$ cat model24.cif   # mmCIF, N, CA and C atoms
data_run
#
loop_
_atom_site.label_atom_id
_atom_site.label_comp_id
_atom_site.auth_asym_id
_atom_site.auth_seq_id
_atom_site.Cartn_x
_atom_site.Cartn_y
_atom_site.Cartn_z
N MET H 1 -95.96 -3.90 -96.30
CA MET H 1 -96.18 -5.22 -96.86
C MET H 1 -95.68 -5.24 -98.29
N THR H 2 -94.91 -6.22 -98.63
CA THR H 2 -94.42 -6.42 -99.99
C THR H 2 -94.90 -7.77 -100.47
N THR H 3 -95.38 -7.80 -101.69
CA THR H 3 -95.99 -9.01 -102.21
C THR H 3 -95.22 -9.54 -103.41
N CYS H 4 -94.82 -10.79 -103.35
CA CYS H 4 -94.16 -11.47 -104.47
C CYS H 4 -94.71 -12.88 -104.54
N PRO H 5 -95.62 -13.16 -105.46
CA PRO H 5 -96.15 -14.53 -105.52
C PRO H 5 -95.07 -15.51 -105.94
N ALA H 6 -94.76 -16.44 -105.06
CA ALA H 6 -93.66 -17.38 -105.28
C ALA H 6 -93.91 -18.30 -106.45
N GLY H 7 -95.13 -18.67 -106.70
CA GLY H 7 -95.40 -19.65 -107.75
C GLY H 7 -95.87 -19.04 -109.05
N SER H 8 -95.60 -17.78 -109.29
CA SER H 8 -96.16 -17.14 -110.48
C SER H 8 -95.44 -17.57 -111.75
N GLU H 9 -96.20 -17.73 -112.78
CA GLU H 9 -95.72 -17.99 -114.13
C GLU H 9 -94.73 -19.14 -114.22
N ARG H 10 -95.11 -20.30 -113.70
CA ARG H 10 -94.21 -21.46 -113.71
C ARG H 10 -94.40 -22.37 -114.91
N ASP H 11 -95.12 -21.94 -115.93
CA ASP H 11 -95.38 -22.87 -117.01
C ASP H 11 -94.24 -22.94 -118.02
N ARG H 12 -93.09 -22.40 -117.76
CA ARG H 12 -91.95 -22.49 -118.67
C ARG H 12 -90.86 -23.36 -118.02
N GLY H 13 -91.04 -24.66 -118.05
CA GLY H 13 -90.07 -25.56 -117.46
C GLY H 13 -90.05 -25.42 -115.95
N ASN H 14 -88.87 -25.40 -115.36
CA ASN H 14 -88.74 -25.27 -113.91
C ASN H 14 -88.49 -23.84 -113.47
N SER H 15 -88.46 -22.92 -114.39
CA SER H 15 -88.17 -21.54 -114.02
C SER H 15 -89.45 -20.82 -113.57
N ALA H 16 -89.25 -19.82 -112.77
CA ALA H 16 -90.37 -19.00 -112.32
C ALA H 16 -90.00 -17.54 -112.54
N ARG H 17 -90.97 -16.74 -112.88
CA ARG H 17 -90.73 -15.31 -113.07
C ARG H 17 -91.22 -14.58 -111.83
N LEU H 18 -90.38 -13.76 -111.28
CA LEU H 18 -90.71 -13.00 -110.09
C LEU H 18 -91.56 -11.80 -110.46
N ARG H 19 -92.70 -11.68 -109.80
CA ARG H 19 -93.60 -10.54 -109.99
C ARG H 19 -93.63 -9.78 -108.66
N TYR H 20 -93.68 -8.44 -108.74
CA TYR H 20 -93.56 -7.63 -107.54
C TYR H 20 -94.65 -6.57 -107.48
N HIS H 21 -95.15 -6.36 -106.28
CA HIS H 21 -96.09 -5.26 -106.01
C HIS H 21 -95.70 -4.63 -104.69
N GLY H 22 -95.74 -3.32 -104.64
CA GLY H 22 -95.44 -2.60 -103.41
C GLY H 22 -96.43 -1.48 -103.19
N ASP H 23 -96.19 -0.70 -102.16
CA ASP H 23 -97.05 0.45 -101.88
C ASP H 23 -96.86 1.51 -102.96
N PHE H 24 -97.95 2.17 -103.33
CA PHE H 24 -97.88 3.31 -104.23
C PHE H 24 -97.63 4.56 -103.38
N ASP H 25 -96.41 4.71 -102.94
CA ASP H 25 -95.95 5.95 -102.31
C ASP H 25 -94.49 6.10 -102.69
N TRP H 26 -93.89 7.24 -102.39
CA TRP H 26 -92.51 7.47 -102.84
C TRP H 26 -91.55 6.47 -102.23
N TYR H 27 -91.78 6.09 -101.00
CA TYR H 27 -90.90 5.10 -100.36
C TYR H 27 -91.07 3.73 -101.02
N GLY H 28 -92.30 3.38 -101.35
CA GLY H 28 -92.56 2.11 -102.02
C GLY H 28 -91.90 2.05 -103.39
N ILE H 29 -91.91 3.16 -104.12
CA ILE H 29 -91.27 3.20 -105.43
C ILE H 29 -89.74 3.09 -105.27
N ALA H 30 -89.20 3.77 -104.27
CA ALA H 30 -87.75 3.70 -104.02
C ALA H 30 -87.32 2.27 -103.67
N ILE H 31 -88.10 1.60 -102.85
CA ILE H 31 -87.81 0.21 -102.49
C ILE H 31 -87.86 -0.68 -103.74
N ALA H 32 -88.88 -0.48 -104.57
CA ALA H 32 -89.01 -1.28 -105.79
C ALA H 32 -87.83 -1.03 -106.74
N ASN H 33 -87.40 0.23 -106.86
CA ASN H 33 -86.24 0.52 -107.70
C ASN H 33 -85.00 -0.19 -107.18
N PHE H 34 -84.81 -0.18 -105.86
CA PHE H 34 -83.68 -0.87 -105.25
C PHE H 34 -83.72 -2.36 -105.57
N LEU H 35 -84.88 -2.97 -105.38
CA LEU H 35 -85.02 -4.41 -105.65
C LEU H 35 -84.83 -4.72 -107.13
N ARG H 36 -85.28 -3.83 -107.98
CA ARG H 36 -85.13 -4.03 -109.43
C ARG H 36 -83.66 -4.03 -109.83
N GLY H 37 -82.85 -3.30 -109.10
CA GLY H 37 -81.42 -3.32 -109.36
C GLY H 37 -80.75 -4.61 -108.93
N ARG H 38 -81.41 -5.38 -108.09
CA ARG H 38 -80.84 -6.62 -107.57
C ARG H 38 -81.47 -7.89 -108.17
N PHE H 39 -82.73 -7.79 -108.58
CA PHE H 39 -83.47 -8.95 -109.08
C PHE H 39 -84.19 -8.58 -110.37
N ASP H 40 -84.38 -9.58 -111.20
CA ASP H 40 -85.17 -9.40 -112.42
C ASP H 40 -86.62 -9.68 -112.07
N TRP H 41 -87.42 -8.64 -111.95
CA TRP H 41 -88.83 -8.83 -111.62
C TRP H 41 -89.68 -8.02 -112.58
N ALA H 42 -90.91 -8.46 -112.72
CA ALA H 42 -91.90 -7.75 -113.54
C ALA H 42 -92.95 -7.16 -112.61
N PRO H 43 -93.46 -5.98 -112.95
CA PRO H 43 -94.49 -5.37 -112.10
C PRO H 43 -95.78 -6.20 -112.10
N TRP H 44 -96.34 -6.30 -110.92
CA TRP H 44 -97.60 -7.04 -110.73
C TRP H 44 -98.62 -6.03 -110.21
N ARG H 45 -99.51 -5.59 -111.13
CA ARG H 45 -100.50 -4.57 -110.78
C ARG H 45 -99.80 -3.36 -110.14
N PHE H 46 -98.67 -2.96 -110.72
CA PHE H 46 -97.83 -1.93 -110.12
C PHE H 46 -97.36 -0.97 -111.21
N ASP H 47 -98.33 -0.29 -111.84
CA ASP H 47 -98.02 0.68 -112.88
C ASP H 47 -98.99 1.86 -112.78
N HIS H 48 -98.86 2.81 -113.67
CA HIS H 48 -99.67 4.02 -113.55
C HIS H 48 -101.18 3.77 -113.74
N GLN H 49 -101.54 2.81 -114.57
CA GLN H 49 -102.97 2.52 -114.75
C GLN H 49 -103.56 1.93 -113.47
N GLN H 50 -102.82 1.00 -112.85
CA GLN H 50 -103.31 0.38 -111.61
C GLN H 50 -103.36 1.41 -110.49
N TYR H 51 -102.40 2.31 -110.47
CA TYR H 51 -102.41 3.37 -109.45
C TYR H 51 -103.66 4.23 -109.61
N ARG H 52 -103.91 4.69 -110.82
CA ARG H 52 -105.09 5.55 -111.05
C ARG H 52 -106.39 4.83 -110.65
N ALA H 53 -106.46 3.55 -110.95
CA ALA H 53 -107.66 2.78 -110.62
C ALA H 53 -107.82 2.58 -109.12
N ALA H 54 -106.72 2.59 -108.38
CA ALA H 54 -106.76 2.28 -106.95
C ALA H 54 -106.92 3.51 -106.05
N VAL H 55 -106.67 4.69 -106.58
CA VAL H 55 -106.71 5.90 -105.75
C VAL H 55 -108.13 6.15 -105.25
N THR H 56 -108.22 6.37 -103.96
CA THR H 56 -109.48 6.74 -103.32
C THR H 56 -109.17 7.91 -102.39
N ASP H 57 -109.99 8.10 -101.41
CA ASP H 57 -109.77 9.18 -100.44
C ASP H 57 -108.74 8.70 -99.41
N THR H 58 -107.47 8.64 -99.85
CA THR H 58 -106.39 8.16 -99.01
C THR H 58 -105.48 9.33 -98.64
N PRO H 59 -104.59 9.12 -97.69
CA PRO H 59 -103.67 10.20 -97.30
C PRO H 59 -102.83 10.69 -98.48
N GLY H 60 -102.37 11.92 -98.37
CA GLY H 60 -101.53 12.49 -99.41
C GLY H 60 -100.12 11.91 -99.38
N LEU H 61 -99.44 12.04 -100.50
CA LEU H 61 -98.06 11.58 -100.61
C LEU H 61 -97.13 12.48 -99.81
N THR H 62 -96.13 11.88 -99.22
CA THR H 62 -95.08 12.62 -98.53
C THR H 62 -93.74 12.12 -99.03
N GLY H 63 -92.72 12.89 -98.86
CA GLY H 63 -91.39 12.48 -99.30
C GLY H 63 -91.05 13.05 -100.65
N LYS H 64 -89.88 12.66 -101.13
CA LYS H 64 -89.35 13.15 -102.40
C LYS H 64 -89.85 12.29 -103.55
N PRO H 65 -90.38 12.91 -104.61
CA PRO H 65 -90.84 12.13 -105.77
C PRO H 65 -89.71 11.29 -106.37
N VAL H 66 -90.06 10.09 -106.79
CA VAL H 66 -89.12 9.12 -107.34
C VAL H 66 -89.71 8.60 -108.65
N THR H 67 -88.86 8.42 -109.65
CA THR H 67 -89.30 7.84 -110.92
C THR H 67 -89.19 6.32 -110.84
N ALA H 68 -90.26 5.64 -111.17
CA ALA H 68 -90.26 4.17 -111.22
C ALA H 68 -89.50 3.72 -112.46
N THR H 69 -88.45 2.93 -112.28
CA THR H 69 -87.63 2.52 -113.42
C THR H 69 -88.40 1.69 -114.44
N TRP H 70 -89.47 1.04 -114.03
CA TRP H 70 -90.25 0.19 -114.93
C TRP H 70 -91.42 0.93 -115.57
N ASP H 71 -91.77 2.12 -115.04
CA ASP H 71 -92.92 2.87 -115.57
C ASP H 71 -92.78 4.35 -115.21
N PRO H 72 -92.06 5.13 -116.03
CA PRO H 72 -91.88 6.55 -115.73
C PRO H 72 -93.20 7.32 -115.61
N ASP H 73 -94.25 6.85 -116.27
CA ASP H 73 -95.55 7.52 -116.18
C ASP H 73 -96.17 7.41 -114.79
N LEU H 74 -95.70 6.45 -114.00
CA LEU H 74 -96.22 6.30 -112.64
C LEU H 74 -95.92 7.54 -111.81
N ARG H 75 -94.72 8.08 -111.93
CA ARG H 75 -94.36 9.31 -111.20
C ARG H 75 -95.31 10.45 -111.56
N HIS H 76 -95.58 10.60 -112.85
CA HIS H 76 -96.47 11.68 -113.29
C HIS H 76 -97.88 11.51 -112.71
N ALA H 77 -98.38 10.29 -112.75
CA ALA H 77 -99.72 10.03 -112.20
C ALA H 77 -99.76 10.30 -110.70
N MET H 78 -98.71 9.88 -110.00
CA MET H 78 -98.69 10.07 -108.55
C MET H 78 -98.57 11.55 -108.19
N ARG H 79 -97.80 12.29 -108.95
CA ARG H 79 -97.70 13.74 -108.68
C ARG H 79 -99.02 14.44 -108.99
N GLU H 80 -99.68 14.00 -110.06
CA GLU H 80 -100.95 14.61 -110.45
C GLU H 80 -102.03 14.38 -109.40
N LEU H 81 -102.18 13.12 -108.93
CA LEU H 81 -103.25 12.79 -107.99
C LEU H 81 -102.84 13.02 -106.54
N GLY H 82 -101.54 12.92 -106.26
CA GLY H 82 -101.03 13.25 -104.93
C GLY H 82 -101.49 12.37 -103.78
N LYS H 83 -101.88 11.15 -104.07
CA LYS H 83 -102.38 10.25 -103.03
C LYS H 83 -101.52 9.00 -102.94
N GLN H 84 -101.39 8.46 -101.73
CA GLN H 84 -100.71 7.18 -101.57
C GLN H 84 -101.75 6.06 -101.56
N VAL H 85 -101.33 4.89 -102.01
CA VAL H 85 -102.20 3.71 -101.98
C VAL H 85 -101.37 2.56 -101.41
N GLU H 86 -101.75 2.13 -100.23
CA GLU H 86 -101.04 1.00 -99.61
C GLU H 86 -101.54 -0.31 -100.20
N GLU H 87 -100.68 -1.31 -100.15
CA GLU H 87 -101.03 -2.61 -100.73
C GLU H 87 -102.32 -3.18 -100.15
N GLU H 88 -102.54 -2.94 -98.88
CA GLU H 88 -103.75 -3.48 -98.25
C GLU H 88 -105.02 -3.01 -98.96
N ALA H 89 -104.97 -1.85 -99.59
CA ALA H 89 -106.14 -1.32 -100.29
C ALA H 89 -106.46 -2.11 -101.55
N VAL H 90 -105.49 -2.80 -102.11
CA VAL H 90 -105.71 -3.59 -103.33
C VAL H 90 -105.51 -5.08 -103.09
N LEU H 91 -105.50 -5.46 -101.82
CA LEU H 91 -105.23 -6.86 -101.46
C LEU H 91 -106.21 -7.84 -102.10
N ASP H 92 -107.48 -7.48 -102.19
CA ASP H 92 -108.45 -8.40 -102.80
C ASP H 92 -108.07 -8.72 -104.25
N ASP H 93 -107.62 -7.72 -105.01
CA ASP H 93 -107.20 -7.96 -106.40
C ASP H 93 -105.97 -8.86 -106.45
N LEU H 94 -105.03 -8.62 -105.55
CA LEU H 94 -103.81 -9.43 -105.53
C LEU H 94 -104.13 -10.88 -105.17
N LEU H 95 -105.00 -11.07 -104.19
CA LEU H 95 -105.37 -12.43 -103.80
C LEU H 95 -106.15 -13.14 -104.90
N THR H 96 -106.98 -12.41 -105.63
CA THR H 96 -107.71 -12.99 -106.75
C THR H 96 -106.73 -13.51 -107.80
N ASP H 97 -105.66 -12.76 -108.03
CA ASP H 97 -104.65 -13.20 -108.99
C ASP H 97 -103.99 -14.51 -108.57
N LEU H 98 -103.91 -14.74 -107.28
CA LEU H 98 -103.24 -15.94 -106.76
C LEU H 98 -104.15 -17.16 -106.69
N ALA H 99 -105.43 -16.96 -106.89
CA ALA H 99 -106.38 -18.06 -106.80
C ALA H 99 -106.08 -19.08 -107.90
N PRO H 100 -106.22 -20.36 -107.59
CA PRO H 100 -105.96 -21.39 -108.60
C PRO H 100 -106.87 -21.23 -109.80
N THR H 101 -106.32 -21.42 -110.97
CA THR H 101 -107.10 -21.36 -112.20
C THR H 101 -107.61 -22.77 -112.50
N PRO H 102 -108.91 -22.91 -112.78
CA PRO H 102 -109.43 -24.24 -113.11
C PRO H 102 -108.68 -24.83 -114.31
N PRO H 103 -108.44 -26.15 -114.33
CA PRO H 103 -107.65 -26.79 -115.40
C PRO H 103 -108.12 -26.45 -116.80
N LEU H 104 -109.42 -26.45 -117.07
CA LEU H 104 -109.93 -26.16 -118.40
C LEU H 104 -109.57 -24.73 -118.81
N GLU H 105 -109.67 -23.79 -117.89
CA GLU H 105 -109.33 -22.41 -118.20
C GLU H 105 -107.84 -22.27 -118.48
N ARG H 106 -106.98 -22.98 -117.73
CA ARG H 106 -105.53 -22.95 -117.98
C ARG H 106 -105.23 -23.46 -119.38
N LEU H 107 -105.89 -24.55 -119.78
CA LEU H 107 -105.69 -25.11 -121.11
C LEU H 107 -106.11 -24.10 -122.17
N SER H 108 -107.23 -23.44 -121.98
CA SER H 108 -107.71 -22.45 -122.94
C SER H 108 -106.72 -21.29 -123.06
N LEU H 109 -106.14 -20.87 -121.94
CA LEU H 109 -105.17 -19.78 -121.96
C LEU H 109 -103.92 -20.19 -122.74
N ARG H 110 -103.46 -21.41 -122.55
CA ARG H 110 -102.26 -21.87 -123.26
C ARG H 110 -102.51 -21.93 -124.76
N VAL H 111 -103.66 -22.41 -125.16
CA VAL H 111 -104.00 -22.51 -126.59
C VAL H 111 -104.07 -21.10 -127.18
N ALA H 112 -104.66 -20.17 -126.48
CA ALA H 112 -104.80 -18.80 -126.96
C ALA H 112 -103.44 -18.11 -127.10
N GLU H 113 -102.47 -18.46 -126.27
CA GLU H 113 -101.13 -17.84 -126.33
C GLU H 113 -100.35 -18.27 -127.56
N LYS H 114 -100.65 -19.45 -128.09
CA LYS H 114 -99.87 -19.99 -129.21
C LYS H 114 -100.25 -19.38 -130.51
#
$ encode --input "model24.cif" --output "structure tokens"
Amino acid sequence: MTTCPAGSERDRGNSARLRYHGDFDWYGIAIANFLRGRFDWAPWRFDHQQYRAAVTDTPGLTGKPVTATWDPDLRHAMRELGKQVEEEAVLDDLLTDLAPTPPLERLSLRVAEK
């Protein structure tokens, strides 16, 4: 499963910024590197801190270690902990990010950014 919220970060005119999340395994990192070479995307809960927070008693990593072009520290964390984390394990967090923000909260966020 690959997740790219289509409507993310649309508050800058008509443009949208592509955000990407994939599996925390060597194949998932390789796929993300490939896509990064083709599209301009920003990681969405897809870095070494999120990996460390998501690791539980999951299967071990298999395959050849790959360096994430957007976060070289991710490779180090994955080699250290040696566990894979599939997107389904963090789906609740991803879905929470996609939930509509109440209008008053959106206004407060915009004021705080300025």
$ atom_distance --input "model24.cif" --atom1 "atom N of Leu61 in chain H" --atom2 "atom C of Leu95 in chain H"
26.4 Å
$ resolve_selection --input "model24.cif" --expression "the PyMOL selection byres ((chain H and resi 70) around 8)" --output "list in words"
Ala32, Asn33, Pro43, Phe46, Asp47, His48, Thr67, Ala68, Thr69, Asp71, Pro72, Asp73 and Leu74 of chain H
$ closest_residue --input "model24.cif" --among "H:Val66, H:Leu98, H:Asp92, H:Arg45" --to "Asp25 in chain H" --atoms "all atoms listed in the file"
H:Val66
$ residues_around --input "model24.cif" --residues "Trp26 in chain H" --least-positions-apart "6" --cutoff "9 Å" --atoms "only C-alpha atoms" --output "list in words"
Leu61, Thr62, Gly63, Lys64, Pro65, Val66, Thr67, Arg75, Met78 and Gln84 of chain H
$ closest_residue --input "model24.cif" --among "H:Leu91, H:Arg38, H:Gly60, H:Pro100" --to "Gly22 in chain H" --atoms "only C-alpha atoms"
H:Leu91
$ atom_distance --input "model24.cif" --atom1 "CA of Arg36 in chain H" --atom2 "atom C of Val85 in chain H"
19.3 Å
